[in-house]
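entry.txt follows (compact mmCIF, C-alpha atoms):
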# COMPACT_ATOMS: atom_id res chain seq x y z
CA MET A 1 -4.82 -4.67 -28.61
CA LEU A 2 -1.80 -2.64 -29.63
CA TRP A 3 0.81 -4.96 -28.19
CA PHE A 4 3.66 -3.78 -30.38
CA MET A 5 2.81 -0.12 -30.92
CA SER A 6 5.00 1.02 -28.03
CA SER A 7 8.76 0.70 -27.72
CA THR A 8 8.16 -0.46 -24.16
CA LEU A 9 6.47 -3.57 -25.46
CA THR A 10 9.44 -4.78 -27.46
CA SER A 11 11.86 -3.97 -24.64
CA VAL A 12 10.47 -6.60 -22.27
CA ALA A 13 13.04 -9.10 -23.51
CA SER A 14 15.92 -6.61 -23.31
CA ALA A 15 18.61 -7.05 -20.67
CA SER A 16 17.98 -3.58 -19.19
CA TYR A 17 14.25 -4.20 -18.81
CA VAL A 18 14.82 -7.56 -17.12
CA ASP A 19 17.53 -6.08 -14.88
CA ASN A 20 15.29 -3.17 -13.84
CA TRP A 21 12.43 -5.54 -13.06
CA LYS A 22 14.68 -7.82 -11.01
CA THR A 23 16.13 -4.84 -9.15
CA ALA A 24 12.64 -3.61 -8.25
CA ARG A 25 11.69 -7.10 -7.06
CA GLU A 26 14.82 -7.41 -4.91
CA ALA A 27 14.23 -3.97 -3.38
CA LYS A 28 10.71 -4.98 -2.33
CA GLU A 29 12.00 -8.22 -0.81
CA GLN A 30 14.64 -6.34 1.17
CA GLN A 31 12.00 -3.89 2.37
CA ARG A 32 9.86 -6.77 3.62
CA ARG A 33 12.77 -8.15 5.64
CA ASP A 34 13.50 -4.84 7.37
CA PRO A 35 13.32 -5.38 11.17
CA TYR A 36 11.21 -2.20 11.35
CA GLY A 37 9.16 -2.92 8.23
CA PHE A 38 5.49 -3.80 8.09
CA LEU A 39 6.08 -7.45 8.98
CA SER A 40 6.90 -6.06 12.44
CA TYR A 41 3.53 -4.36 12.99
CA ALA A 42 2.32 -5.91 16.26
CA GLY A 43 -1.06 -4.27 16.72
CA PHE A 44 -3.75 -1.97 15.38
CA HIS A 45 -5.44 0.44 17.77
CA LYS A 46 -8.01 3.16 17.11
CA LEU A 47 -7.67 6.21 19.31
CA ALA A 48 -10.79 7.81 20.78
CA THR A 49 -11.51 10.86 22.91
CA ALA A 50 -11.62 8.70 26.04
CA PRO A 51 -8.16 7.53 27.19
CA ALA A 52 -7.49 3.81 26.74
CA GLY A 53 -4.60 1.49 27.42
CA PHE A 54 -3.32 -1.15 25.03
CA ASP A 55 -1.41 -4.34 25.84
CA GLY A 56 2.34 -3.92 25.67
CA ILE A 57 2.20 -0.14 25.06
CA PRO A 58 3.01 2.33 27.86
CA GLY A 59 0.40 4.88 28.87
CA ARG A 60 -3.23 5.61 28.19
CA TRP A 61 -3.91 7.10 24.79
CA SER A 62 -6.57 9.44 23.43
CA THR A 63 -7.02 11.90 20.58
CA GLY A 64 -8.89 15.06 19.75
CA ALA A 65 -8.67 18.29 17.77
CA ASP A 66 -5.19 18.98 19.17
CA GLY A 67 -3.91 15.55 18.13
CA PRO A 68 -3.07 12.33 19.98
CA ARG A 69 -2.19 12.45 23.66
CA VAL A 70 -0.64 9.95 26.06
CA GLN A 71 -0.78 9.88 29.85
CA LEU A 72 2.05 7.86 31.35
CA SER A 73 2.07 6.39 34.85
CA GLU A 74 4.85 7.19 37.31
CA ASP A 75 6.99 4.23 36.25
CA GLU A 76 6.56 4.70 32.50
CA GLU A 77 8.43 6.78 29.96
CA LEU A 78 8.73 7.14 26.20
CA LEU A 79 11.48 8.49 23.99
CA VAL A 80 10.14 11.27 21.76
CA GLU A 81 12.47 13.01 19.31
CA GLY A 82 15.43 11.73 21.30
CA GLN A 83 14.11 13.06 24.61
CA ALA A 84 12.69 11.03 27.51
CA VAL A 85 9.13 12.07 28.35
CA THR A 86 7.08 11.23 31.42
CA GLY A 87 3.65 12.22 32.66
CA SER A 88 1.46 13.64 29.92
CA HIS A 89 2.59 14.30 26.35
CA GLN A 90 0.69 15.99 23.53
CA PHE A 91 1.52 14.98 19.95
CA ALA A 92 0.82 17.25 16.98
CA PRO A 93 -2.27 16.45 14.87
CA VAL A 94 -1.75 13.62 12.41
CA ALA A 95 -2.30 14.16 8.68
CA GLU A 96 -4.35 11.76 6.59
CA ARG A 97 -2.18 8.91 5.23
CA GLU A 98 0.76 10.04 7.36
CA PHE A 99 3.12 7.41 8.82
CA ARG A 100 4.71 9.07 11.84
CA ARG A 101 7.23 7.18 13.95
CA ALA A 102 6.27 9.22 16.96
CA ALA A 103 7.92 7.55 19.94
CA TYR A 104 10.07 4.67 21.17
CA ALA A 105 9.19 2.30 24.01
CA GLY A 106 12.45 0.40 24.34
CA GLU A 107 13.12 -1.10 20.90
CA VAL A 108 9.46 -0.77 19.91
CA ILE A 109 8.47 2.13 17.66
CA LEU A 110 5.02 3.61 18.25
CA GLU A 111 3.62 4.78 14.94
CA LEU A 112 0.83 7.33 14.67
CA SER A 113 -1.19 7.50 11.48
CA LYS A 114 -4.58 8.60 10.22
CA ARG A 115 -6.85 6.64 7.87
CA GLY A 116 -10.35 7.74 6.93
CA GLY A 117 -10.19 10.49 9.56
CA GLN A 118 -9.42 7.96 12.29
CA ASP A 119 -6.24 8.36 14.35
CA LEU A 120 -4.42 5.05 14.75
CA LEU A 121 -1.62 3.74 16.95
CA ARG A 122 0.47 0.80 15.78
CA PRO A 123 3.50 -0.67 17.56
CA ILE A 124 6.38 -1.74 15.31
CA ASP A 125 8.09 -4.46 17.32
CA PRO A 126 11.21 -6.09 15.84
CA ALA A 127 10.89 -8.98 18.33
CA PHE A 128 7.41 -9.71 16.99
CA GLY A 129 8.67 -9.16 13.45
CA ARG A 130 11.49 -11.66 13.84
CA LEU A 131 8.91 -14.42 14.06
CA LEU A 132 7.24 -13.43 10.79
CA ILE A 133 10.46 -12.49 9.03
CA GLY A 134 11.89 -15.87 10.04
CA ALA A 135 8.83 -17.59 8.59
CA TYR A 136 8.67 -15.43 5.47
CA ASP A 137 10.18 -17.18 2.47
CA HIS A 138 9.54 -15.00 -0.57
CA THR A 139 6.90 -13.47 -2.79
CA PRO A 140 6.69 -15.28 -6.12
CA ALA A 141 5.85 -13.44 -9.30
CA TYR A 142 4.68 -14.44 -12.74
CA ASP A 143 7.31 -14.60 -15.46
CA LEU A 144 7.79 -11.46 -17.51
CA ASP A 145 5.45 -11.44 -20.47
CA PRO A 146 4.99 -8.69 -23.11
CA ARG A 147 1.32 -9.60 -23.30
CA TRP A 148 0.81 -7.74 -20.03
CA ILE A 149 2.22 -4.42 -21.21
CA VAL A 150 -1.01 -2.84 -22.33
CA GLU A 151 -1.62 0.44 -24.13
CA GLY A 152 -4.69 2.19 -22.78
CA GLN A 153 -6.32 5.58 -23.14
CA PHE A 154 -6.44 7.95 -20.18
CA ILE A 155 -9.75 9.81 -19.84
CA PRO A 156 -9.32 12.58 -17.25
CA PHE A 157 -12.11 13.96 -15.13
CA GLY A 158 -12.83 17.68 -15.33
CA SER A 159 -11.77 17.93 -11.69
CA VAL A 160 -10.36 15.46 -9.21
CA ARG A 161 -13.08 13.40 -7.53
CA PRO A 162 -12.85 12.54 -3.83
CA THR A 163 -13.74 8.84 -3.86
CA PRO A 164 -14.65 6.73 -0.82
CA ILE A 165 -12.73 3.45 -0.71
CA GLY A 166 -13.09 0.75 1.90
CA ALA A 167 -10.20 -0.70 3.92
CA THR A 168 -9.09 -4.26 4.54
CA ILE A 169 -9.61 -3.93 8.32
CA GLY A 170 -11.06 -1.60 10.90
CA ASP A 171 -14.32 -0.41 9.28
CA ILE A 172 -12.32 2.49 7.85
CA VAL A 173 -13.35 4.38 4.73
CA HIS A 174 -10.47 6.03 2.91
CA THR A 175 -11.07 9.06 0.70
CA HIS A 176 -8.76 9.10 -2.31
CA LEU A 177 -8.59 11.44 -5.30
CA ALA A 178 -9.65 9.88 -8.59
CA VAL A 179 -8.21 11.84 -11.52
CA GLY A 180 -9.72 9.83 -14.35
CA GLU A 181 -10.08 6.42 -15.93
CA VAL A 182 -7.83 4.31 -18.08
CA VAL A 183 -9.67 2.41 -20.80
CA PHE A 184 -8.13 -0.61 -22.52
CA ALA A 185 -9.05 -3.98 -23.97
CA LEU A 186 -8.14 -7.49 -22.88
CA ASP A 187 -9.26 -10.55 -24.85
CA GLY A 188 -11.69 -8.34 -26.75
CA ALA A 189 -13.40 -7.01 -23.61
CA GLU A 190 -13.22 -3.34 -22.64
CA GLN A 191 -11.81 -2.60 -19.20
CA ARG A 192 -12.27 0.74 -17.44
CA LEU A 193 -10.31 1.39 -14.24
CA LEU A 194 -10.17 4.39 -11.90
CA VAL A 195 -6.78 6.03 -11.50
CA ILE A 196 -6.06 7.30 -7.98
CA ALA A 197 -3.62 10.19 -7.62
CA ARG A 198 -1.45 11.46 -4.82
CA ASP A 199 -2.88 13.95 -2.32
CA GLY A 200 -2.82 17.47 -3.67
CA GLN A 201 -3.02 16.41 -7.31
CA GLN A 202 -4.74 18.95 -9.54
CA ALA A 203 -6.78 18.31 -12.67
CA GLY A 204 -4.95 19.00 -15.92
CA VAL A 205 -1.53 18.17 -14.49
CA ALA A 206 0.44 15.03 -15.33
CA GLY A 207 1.40 12.81 -12.42
CA THR A 208 1.94 9.38 -10.97
CA GLY A 209 -1.11 7.47 -9.89
CA THR A 210 -2.19 4.09 -8.59
CA VAL A 211 -4.58 1.56 -10.05
CA LEU A 212 -5.98 -0.76 -7.38
CA PHE A 213 -7.63 -3.76 -9.00
CA LYS A 214 -8.90 -7.31 -8.72
CA ASP A 215 -8.88 -9.81 -11.56
CA GLY A 216 -9.40 -13.47 -12.36
CA THR A 217 -6.34 -14.51 -10.32
CA SER A 218 -7.61 -12.84 -7.12
CA GLY A 219 -8.04 -15.41 -4.36
CA LEU A 220 -6.32 -18.10 -6.43
CA THR A 221 -2.70 -17.21 -7.05
CA THR A 222 -2.89 -13.58 -5.90
CA ASP A 223 -4.25 -11.64 -2.94
CA PRO A 224 -8.07 -11.95 -2.81
CA LYS A 225 -8.30 -8.31 -1.71
CA GLY A 226 -6.55 -7.02 -4.84
CA ARG A 227 -3.21 -5.66 -5.99
CA SER A 228 -1.67 -2.33 -6.97
CA LEU A 229 0.01 -0.88 -10.06
CA LEU A 230 1.75 2.49 -10.39
CA VAL A 231 1.03 4.38 -13.61
CA ALA A 232 2.15 7.66 -15.15
CA PHE A 233 -0.85 9.59 -16.45
CA PRO A 234 -0.75 12.55 -18.86
CA ALA A 235 -2.09 16.04 -18.22
CA GLU A 236 -4.84 15.59 -20.82
CA GLU A 237 -6.57 12.74 -22.57
CA GLY A 238 -4.00 10.50 -24.19
CA PRO A 239 -2.18 7.18 -24.15
CA LEU A 240 -1.34 5.52 -20.86
CA THR A 241 0.79 2.37 -20.59
CA LEU A 242 -0.07 -0.25 -17.98
CA ASP A 243 2.86 -2.58 -17.37
CA PHE A 244 1.17 -5.28 -15.30
CA ASN A 245 4.52 -7.06 -14.93
CA TYR A 246 5.17 -4.48 -12.19
CA THR A 247 1.97 -5.21 -10.26
CA GLN A 248 2.66 -5.38 -6.53
CA ASN A 249 1.00 -6.53 -3.35
CA LEU A 250 -0.13 -4.08 -0.73
CA GLN A 251 0.76 -4.70 2.93
CA ARG A 252 -2.37 -6.76 3.65
CA PRO A 253 -1.15 -10.27 2.75
CA TYR A 254 1.87 -9.80 5.03
CA THR A 255 0.31 -8.37 8.19
CA ALA A 256 -3.05 -8.41 9.94
CA PHE A 257 -2.51 -4.82 11.07
CA ALA A 258 -2.66 -2.81 7.82
CA PRO A 259 -5.86 -0.98 6.81
CA CYS A 260 -4.97 -1.06 3.11
CA PRO A 261 -7.38 0.50 0.61
CA LEU A 262 -9.54 -1.93 -1.34
CA PRO A 263 -9.97 -1.60 -5.10
CA PRO A 264 -12.91 0.66 -6.04
CA ALA A 265 -16.00 -1.32 -7.01
CA GLN A 266 -15.49 -0.73 -10.74
CA ASN A 267 -11.84 -1.85 -10.71
CA THR A 268 -12.42 -5.53 -11.39
CA VAL A 269 -10.75 -6.80 -14.55
CA THR A 270 -12.80 -9.50 -16.24
CA VAL A 271 -9.82 -11.71 -17.15
CA ALA A 272 -6.95 -13.27 -15.19
CA ILE A 273 -3.93 -10.96 -15.25
CA GLU A 274 -1.13 -13.48 -14.87
CA ALA A 275 1.52 -10.86 -14.22
CA GLY A 276 3.18 -9.31 -11.22
CA GLU A 277 3.35 -10.48 -7.63
CA GLN A 278 1.50 -13.49 -6.31
CA LEU A 279 0.57 -14.55 -2.77
CA PRO A 280 3.57 -14.54 -0.43
CA VAL A 281 5.02 -17.82 0.81
CA PHE A 282 5.45 -18.35 4.56
CA ASN A 283 7.08 -21.44 6.04
CA ARG A 284 4.91 -22.21 9.05

Encoded form (structure tokens):
Amino acid sequence: MLWFMSSTLTSVASASYVDNWKTAREAKEQQRRDPYGFLSYAGFHKLATAPAGFDGIPGRWSTGADGPRVQLSEDEELLVEGQAVTGSHQFAPVAEREFRRAAYAGEVILELSKRGGQDLLRPIDPAFGRLLIGAYDHTPAYDLDPRWIVEGQFIPFGSVRPTPIGATIGDIVHTHLAVGEVVFALDGAEQRLLVIARDGQQAGVAGTGTVLFKDGTSGLTTDPKGRSLLVAFPAEEGPLTLDFNYTQNLQRPYTAFAPCPLPPAQNTVTVAIEAGEQLPVFNR
């Protein structure tokens, strides 16, 4: 492995590198303690064409080609875009992977989203979140180690490939765009991982992508469902640096109400990557 062929590799011990890593870690921890962050998700509801009510949420909800709809009873109201609504209200269609804070019911935010073509309704309840946030201690991480800054080779696909990816809950199948593979070696074994790009990414254009993966730490010191790493990939075949020190958890180990994408079947690293975030610590 070409541990010291990149300037990034030798910078891991530099003050700026350490400071940047600590700043990123602190930002994630602050995000997790936000009263309206994902620790405050209080439910997970699929919307169907037939109206249905959900505990603690005003109205009966449905969805269709025109988007989600709610029918409120005479004594119910929601706040939508700063305006009180009663009776029936039609929301605009929801885009795939959108997070739309569509309405307020008191201090509870009602979020509309779409995953795998399925419209979802999730309440974000700071009262519920206070219980988890109060119990949440921190998310430990492995110590910084230059061993886990790895130089790989990006092999782009001729065109982006819509790729079905399972979800952690809800029998949902995400469709993400795979733009290519990154090939690298660890302990003498070749690893080949799919790189997932943002929606709208075109082939032959550089961008920022995500590598969802499992490894030998999964289910031991890290989330058994896998972790995530952001990467910058080139427009054409060429070097791609994977800094596993920046590996992060998805929402799944913090809430039961997040249909996070699972790593593609091929994205299982054959060694233990002792870098990045570990399982969160809750004081029960």

- [ ] Show which residues sit within 7 Å of Asp137 of chain A, as a list in words. Count all atoms listed in the file, and ignore same-chain residues fewer than 3 positions away.
- [x]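 Result of the neighbour search: Val281, Phe282 and Asn283 of chain A.
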
Task: One-decimal distance in Å that lies between atom CA of Lys28 of chain A and atom CA of Gln201 of chain A - done: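 So the two atoms, atom CA of Gln201 of chain A and atom CA of Lys28 of chain A, lie 25.9 Å apart.
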
Open item on the list: Using only C-alpha atoms, can you tell me which of A:Gln153, A:Thr49, A:Gln278, A:Gln71 comes closest to Tyr254 of chain A?
Closed with: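 Ranked by minimum distance to Tyr254 of chain A, first place goes to A:Gln278.
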
Task: Distance in Å - atom CA of Leu110 of chain A versus atom CA of Asp125 of chain A - done: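 Going from atom CA of Leu110 of chain A over to atom CA of Asp125 of chain A covers 8.7 Å.
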
Open item on the list: Just checking: using only C-alpha atoms, which residue out of A:Gly219, A:Gly129, A:Pro156, A:Pro264 ends up closest to Arg32 of chain A?
Closed with: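 Ranking A:Gly219, A:Gly129, A:Pro156, A:Pro264 by distance to Arg32 of chain A, first place goes to A:Gly129.
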
Segment 217-257 of chain A residues near segment 268-276 of chain A within 8 Å, closest pair each, using only C-alpha atoms, as CSV:
residue,atom,partner,partner_atom,distance
A:Thr217,CA,A:Ala272,CA,5.1
A:Phe244,CA,A:Ala275,CA,5.7
A:Asn245,CA,A:Gly276,CA,4.5
A:Tyr246,CA,A:Gly276,CA,5.3
A:Thr247,CA,A:Gly276,CA,4.4
A:Gln248,CA,A:Gly276,CA,6.1

TODO: Within 12 Å of Phe157 of chain A, counting all atoms listed in the file, which residues show up once you throw out same-chain ones fewer than 3 positions away? Write them as a list in words, please.
DONE: Phe154, Val160, Arg161, Pro162, Leu177, Ala178, Val179, Gly180, Glu181, Val182, Leu194, Val195, Ile196, Ala197, Gln202, Ala203, Gly204, Val205, Ala235, Glu236 and Glu237 of chain A

Open item on the list: So, with all atoms listed in the file as the atoms that count, which of A:Phe44, A:Arg97, A:Ala258, A:Gly106 lies closest to Ala84 of chain A?
Closed with: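 Distance minimum relative to Ala84 of chain A lands on A:Gly106.
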
TODO: Within 12 Å of Phe257 of chain A, counting all atoms listed in the file, which residues show up once you throw out same-chain ones fewer than 4 positions away? Write them as a list of chain:residue names, please.
DONE: A:Phe38, A:Leu39, A:Ser40, A:Tyr41, A:Ala42, A:Gly43, A:Phe44, A:His45, A:Lys46, A:Leu120, A:Leu121, A:Arg122, A:Pro123, A:Ile124, A:Ala167, A:Thr168, A:Ile169, A:Gly170, A:Gln251, A:Arg252, A:Pro253

Task: Point-to-point distance in Å for atom CA of Pro51 of chain A and atom CA of Ala65 of chain A - done: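 According to the coordinates, atom CA of Ala65 of chain A and atom CA of Pro51 of chain A are separated by 14.3 Å.
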
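Counting all atoms listed in the file, the residue from A:Thr221, A:Glu151, A:Gln266, A:Leu186 that sits nearest to Gly238 of chain A is A:Glu151.
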
Place N, CA and C atoms on segment 34-68 of chain A and deliver the coordinates as a tab-separated table (two decimals), in the frame of the given file.
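Result file is out-v6.tsv:
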chain	number	residue	atom	x	y	z
A	34	ASP	N	13.02	-5.88	6.46
A	34	ASP	CA	13.50	-4.84	7.37
A	34	ASP	C	12.94	-5.11	8.78
A	35	PRO	N	13.81	-5.13	9.81
A	35	PRO	CA	13.32	-5.38	11.17
A	35	PRO	C	12.25	-4.39	11.63
A	36	TYR	N	12.23	-3.20	11.03
A	36	TYR	CA	11.21	-2.20	11.35
A	36	TYR	C	10.27	-1.98	10.16
A	37	GLY	N	10.11	-2.98	9.33
A	37	GLY	CA	9.16	-2.92	8.23
A	37	GLY	C	7.79	-3.38	8.67
A	38	PHE	N	6.87	-3.52	7.71
A	38	PHE	CA	5.49	-3.80	8.09
A	38	PHE	C	5.25	-5.23	8.55
A	39	LEU	N	6.21	-6.13	8.37
A	39	LEU	CA	6.08	-7.45	8.98
A	39	LEU	C	6.22	-7.36	10.50
A	40	SER	N	6.72	-6.24	11.00
A	40	SER	CA	6.90	-6.06	12.44
A	40	SER	C	5.75	-5.28	13.09
A	41	TYR	N	4.72	-4.93	12.34
A	41	TYR	CA	3.53	-4.36	12.99
A	41	TYR	C	2.98	-5.39	13.97
A	42	ALA	N	2.76	-4.97	15.23
A	42	ALA	CA	2.32	-5.91	16.26
A	42	ALA	C	0.96	-5.57	16.84
A	43	GLY	N	0.26	-4.63	16.23
A	43	GLY	CA	-1.06	-4.27	16.72
A	43	GLY	C	-1.68	-3.18	15.88
A	44	PHE	N	-2.97	-2.97	16.11
A	44	PHE	CA	-3.75	-1.97	15.38
A	44	PHE	C	-4.77	-1.41	16.36
A	45	HIS	N	-4.61	-0.14	16.72
A	45	HIS	CA	-5.44	0.44	17.77
A	45	HIS	C	-6.03	1.77	17.30
A	46	LYS	N	-7.35	1.89	17.38
A	46	LYS	CA	-8.01	3.16	17.11
A	46	LYS	C	-7.98	4.01	18.37
A	47	LEU	N	-7.65	5.28	18.18
A	47	LEU	CA	-7.67	6.21	19.31
A	47	LEU	C	-9.01	6.93	19.36
A	48	ALA	N	-9.51	7.13	20.57
A	48	ALA	CA	-10.79	7.81	20.78
A	48	ALA	C	-10.58	8.98	21.72
A	49	THR	N	-11.63	9.72	22.00
A	49	THR	CA	-11.51	10.86	22.91
A	49	THR	C	-11.30	10.41	24.35
A	50	ALA	N	-11.83	9.24	24.70
A	50	ALA	CA	-11.62	8.70	26.04
A	50	ALA	C	-10.29	7.95	26.10
A	51	PRO	N	-9.45	8.22	27.10
A	51	PRO	CA	-8.16	7.53	27.19
A	51	PRO	C	-8.34	6.02	27.33
A	52	ALA	N	-7.45	5.28	26.68
A	52	ALA	CA	-7.49	3.81	26.74
A	52	ALA	C	-6.07	3.27	26.73
A	53	GLY	N	-5.89	2.16	27.43
A	53	GLY	CA	-4.60	1.49	27.42
A	53	GLY	C	-4.61	0.31	26.47
A	54	PHE	N	-3.45	-0.05	25.98
A	54	PHE	CA	-3.32	-1.15	25.03
A	54	PHE	C	-2.18	-2.06	25.49
A	55	ASP	N	-2.39	-3.36	25.38
A	55	ASP	CA	-1.41	-4.34	25.84
A	55	ASP	C	-0.04	-4.09	25.24
A	56	GLY	N	0.96	-4.04	26.12
A	56	GLY	CA	2.34	-3.92	25.67
A	56	GLY	C	2.78	-2.52	25.30
A	57	ILE	N	1.87	-1.53	25.43
A	57	ILE	CA	2.20	-0.14	25.06
A	57	ILE	C	2.06	0.73	26.31
A	58	PRO	N	3.11	1.47	26.67
A	58	PRO	CA	3.01	2.33	27.86
A	58	PRO	C	1.94	3.40	27.69
A	59	GLY	N	1.30	3.75	28.82
A	59	GLY	CA	0.40	4.88	28.87
A	59	GLY	C	-1.03	4.59	28.47
A	60	ARG	N	-1.84	5.62	28.64
A	60	ARG	CA	-3.23	5.61	28.19
A	60	ARG	C	-3.35	6.67	27.11
A	61	TRP	N	-3.94	6.29	25.99
A	61	TRP	CA	-3.91	7.10	24.79
A	61	TRP	C	-5.29	7.61	24.43
A	62	SER	N	-5.32	8.84	23.90
A	62	SER	CA	-6.57	9.44	23.43
A	62	SER	C	-6.24	10.36	22.27
A	63	THR	N	-7.25	10.93	21.66
A	63	THR	CA	-7.02	11.90	20.58
A	63	THR	C	-8.17	12.90	20.53
A	64	GLY	N	-7.89	14.01	19.89
A	64	GLY	CA	-8.89	15.06	19.75
A	64	GLY	C	-8.42	16.07	18.73
A	65	ALA	N	-9.01	17.26	18.76
A	65	ALA	CA	-8.67	18.29	17.77
A	65	ALA	C	-7.20	18.69	17.83
A	66	ASP	N	-6.59	18.59	19.01
A	66	ASP	CA	-5.19	18.98	19.17
A	66	ASP	C	-4.22	17.86	18.80
A	67	GLY	N	-4.75	16.68	18.49
A	67	GLY	CA	-3.91	15.55	18.13
A	67	GLY	C	-3.88	14.49	19.21
A	68	PRO	N	-3.16	13.40	18.99
A	68	PRO	CA	-3.07	12.33	19.98
A	68	PRO	C	-2.37	12.78	21.27
